[in-house]
Structures are given as C-alpha cells and as structure tokens.
Amino acid sequence: MSQRQDLSSYSMDDNKCPRCNKLGLCVMDDEVCCSKCGIVLGPDCHLQETTLSSKLNLYQIAEVGCKKVNLEFARHIHENKSDVSQISNVCVKLDLPIYVAQDINIVYQKLSKHKQQEKKTYSDLMKQHEINDKDTSTLKRSRPKGCTKAHIVAFAVHLSCRKYGLPRSDVQIIEAIKMNFGMKRTFTVLKTYSLNRVTAESLGIVCDYDKSNYYMRILLGKIRSKIGDGHLFNKIQRQAIENLSYITDTRENTRAQRALDLALEGAKLNVQV
C-alpha cells in the first residue's frame with residue numbers, strides 16, 4: 001500500500017523518487033506519486049501554481065523579463081519574430097506551467113544551436129571541397145538530416161511533458177506545433193525523436209523518462225471525463241499507479257493500460273478507454 005512521505009526529500013526537477021531512486025515521479029490529483037514503487041509523497045507545490053504570474057508567456061520571462069506582471073492579457077503579448085514567442089504560444093495552447101515552458105526552451109536552445117553549427121560545418125566543408133575540386137559525393141551522404149524548428153520544439157515539448165507527467169497526447173502536441181509554426185505537412189513525434197534524441201543525449205539532455213507514467217495520465221484523464229472527480233476516481237488513480245510497479249511489459253502504453261484495467265477491475269467499474 002502506498003504511504004505518504006515528507007516532500008523535503010525529493011525534487012520534481014530531476015523526477016527521481018527518494019525511496020526507490022528511480023525516475024518515476026508523477027503528479028496525480030495534485031499529489032506527487034512514484035509510478036515505480038507507488039509511494040505517495042504529498043501535494044505538489046509546482047503544479048498547484050494558480051497565480052497569474054505563473055501563467056505568463058515564456059517570451060516575457062525569457063526575453064522581456066516581466067515576470068511580475070499580473071494582467072491576464074499579458075499571457076498573449078508576444079513578439080512574432082522570436083522563436084521563444086512561438087514556443088510560448090505552443091505552451092499556452094497546451095496550458096503548460098511556466099516552469100515546464102522554461103525547460104522546453106532550454107532543450108530547444110541547446111538543440112537548435114547544435115543543429116545550426118552542424119549545418120555551418122557541413123556548408124564550410126562543401127565549399128572547401130568545391131574550391132579544391134574534390135569529389136563531394138561522399139560528403140553529401142553525411143548531410144545533416146532535415147530537422148526543422150518545429151521538429152525540435154515538438155521533441156522538447158513531448159520530452160518535458162513526459163518528464164513532469166503531464167498528459168498531452170501526440171495529436172495535441174503536433175496540432176499546437178503546426179498551428180504556431182505555420183506547418184501544413186504533418187509529422188509524428190516518433191520522427192522528432194529519430195531526428196533529435198541522439199544529439200540531445202550527446203548534449204547531456206536526459207531522455208529516458210518513464211513513458212508508462214505519461215500514458216497513464218492520458219488514460220486517467222479519459223476516465224475522469226467519464227466518471228468525474230471524487231472518491232471512486234481517486235481510488236482508481238492511486239491503485240493504477242501502484243499497479244505500474246508490478247507490470248513489466250516492455251511496451252509502455254500497454255503497461256499503463258494493463259495497470260489501469262486492473263484498477264478498474266478492482267473497483268468493479270466497467271469503463272472502456
């Protein structure tokens with residue numbers, strides 16, 4: 001059975017559980033839990049931010065520095081030419097807390113800078129080969145893959161949502177990206193990982209967050225929409241989190257579904273998600 005533990009011994013920033021020491025912290029019903037061992041740590045101060053200043057757009061904090069502004073319309077003041085502004089718009093669309101938006105921006109800036117350097121290096125090598133009349137066919141095969149700003153942002157958003165256990169589906173993320181980056185062609189989150197994960201890990205960005213926790217929150221969101229909040233939902237939620245620590249299926253979405261199905265069965269509730 002889950003037990004409550006003092007909050008002073010953990011940090012949501014590294015997502016590591018103080019009891020089992022694994023990357024499995026998530027927030028369920030405004031309480032921090034571990035999806036690995038099932039422990040309940042207590043209320044989460046980060047995700048309970050409700051002041052207007054916590055809802056400010058990323059552009060203001062990162063480039064304007066107006067963190068103290070308390071006007072609701074301030075969320076929508078952006079500079080359209082700024083990459084940060086576009087990222088901010090995506091975060092507002094997905095209703096992400098400002099500390100998550102800042103994490104997304106950090107990941108984006110690191111990857112974007114590295115990708116730009118890769119392109120510059122490749123361009124310089126091509127010019128040097130052409131000047132020296134060397135064969136460029138081999139070099140062309142090592143050309144940097146077509147990774148756009150939208151691909152980097154989508155990767156950063158999905159990664160941060162997994163890190164903090166925020167239930168934003170792939171479809172929601174892609175639609176927000178397409179809307180704010182003016183993209184007509186669709187793409188998948190899987191593609192963004194193939195384009196960015198190796199580089200991200202080489203830059204020291206942690207990518208190995210628990211996917212089952214991410215999928216569980218999406219499933220629980222669907223259950224909540226059907227049965228509402230209350231004692232029954234809380235019971236199912238806590239049991240589903242505990243069940244994750246006992247199910248070892250390598251497919252994380254299946255693992256989350258099985259954990260929830262067992263919780264629903266235990267509550268004798270016949271609901272399909």
# chains A, B, ... in the order shown; residues from 1 in each chain; ligands from 1
$ residues_around --residues "Lys115 (chain A)" --least-positions-apart "6" --cutoff "10 Å" --atoms "only C-alpha atoms" --output "ChimeraX atom specification"
/A:109,121,144-149,152,196,199
$ select_by_dssp --residues "region 91-164 of chain A" --states "helix (DSSP H, G or I)" --output "number ranges by chain"
A: 91-93, 98-131, 137-141, 149-164
$ residues_around --residues "Lys235 (chain A)" --least-positions-apart "6" --cutoff "10 Å" --atoms "only C-alpha atoms" --output "list in words"
Ala263, Leu264, Gly266 and Ala267 of chain A
$ write_last_selection --atoms "C-alpha atoms" --output "PDB file, in the first residue's frame"
ATOM      1  CA  ALA A 263      -7.539  -0.900 -11.051  1.00  0.00           C
ATOM      2  CA  LEU A 264     -10.918  -0.691 -12.807  1.00  0.00           C
ATOM      3  CA  GLY A 266     -10.678  -3.978  -8.531  1.00  0.00           C
ATOM      4  CA  ALA A 267     -13.172  -1.113  -8.286  1.00  0.00           C
TER       5      ALA A 267
END
$ residues_around --residues "Tyr209 (chain A)" --least-positions-apart "2" --cutoff "7 Å" --atoms "only C-alpha atoms" --output "MDAnalysis selection string"
chainID A and resid 23 162:163 207 211
$ closest_residue --among "A:Ser123, A:Ile106, A:Phe155, A:Gly228" --to "Thr136 (chain A)" --atoms "only C-alpha atoms"
A:Ser123
$ atom_distance --atom1 "CA of Arg217 (chain A)" --atom2 "CA of Gly165 (chain A)"
6.9 Å
$ residues_around --residues "Phe181 (chain A)" --least-positions-apart "4" --cutoff "9 Å" --atoms "only C-alpha atoms" --output "number ranges by chain"
A: 86-87, 90, 149-150, 176-177
$ closest_residue --among "A:Ser212, A:Gln116, A:Ser194, A:Gln272" --to "Thr250 (chain A)" --atoms "only C-alpha atoms"
A:Ser212
$ residues_around --residues "Gly221 (chain A)" --least-positions-apart "5" --cutoff "9 Å" --atoms "only C-alpha atoms" --output "ChimeraX atom specification"
/A:167,216,226
$ write_last_selection --atoms "N, CA, C and O atoms" --output "compact mmCIF listing (two decimals), in the first residue's frame"
# COMPACT_ATOMS: atom_id res chain seq x y z
N PRO A 167 -0.26 15.00 -19.06
CA PRO A 167 -0.95 14.23 -20.11
C PRO A 167 -1.30 15.04 -21.34
O PRO A 167 -2.44 15.50 -21.50
N MET A 216 -0.18 6.73 -18.66
CA MET A 216 -1.16 6.55 -17.58
C MET A 216 -1.97 7.82 -17.35
O MET A 216 -3.19 7.78 -17.14
N LYS A 226 -15.21 10.58 -17.85
CA LYS A 226 -16.39 9.70 -17.86
C LYS A 226 -17.07 9.57 -16.51
O LYS A 226 -18.29 9.50 -16.43
$ closest_residue --among "A:Lys127, A:Tyr215, A:Ser245, A:Met179" --to "Lys22 (chain A)" --atoms "only C-alpha atoms"
A:Ser245
$ closest_residue --among "A:Ile241, A:Tyr164, A:Asn105, A:Ile223" --to "Asn270 (chain A)" --atoms "only C-alpha atoms"
A:Ile223
$ residues_around --residues "Val171 (chain A)" --least-positions-apart "3" --cutoff "9 Å" --atoms "only C-alpha atoms" --output "ChimeraX atom specification"
/A:168,174-176,188-189
$ atom_distance --atom1 "CA of Cys91 (chain A)" --atom2 "CA of Val157 (chain A)"
8.2 Å
$ atom_distance --atom1 "CA of Gln172 (chain A)" --atom2 "CA of His231 (chain A)"
28.8 Å
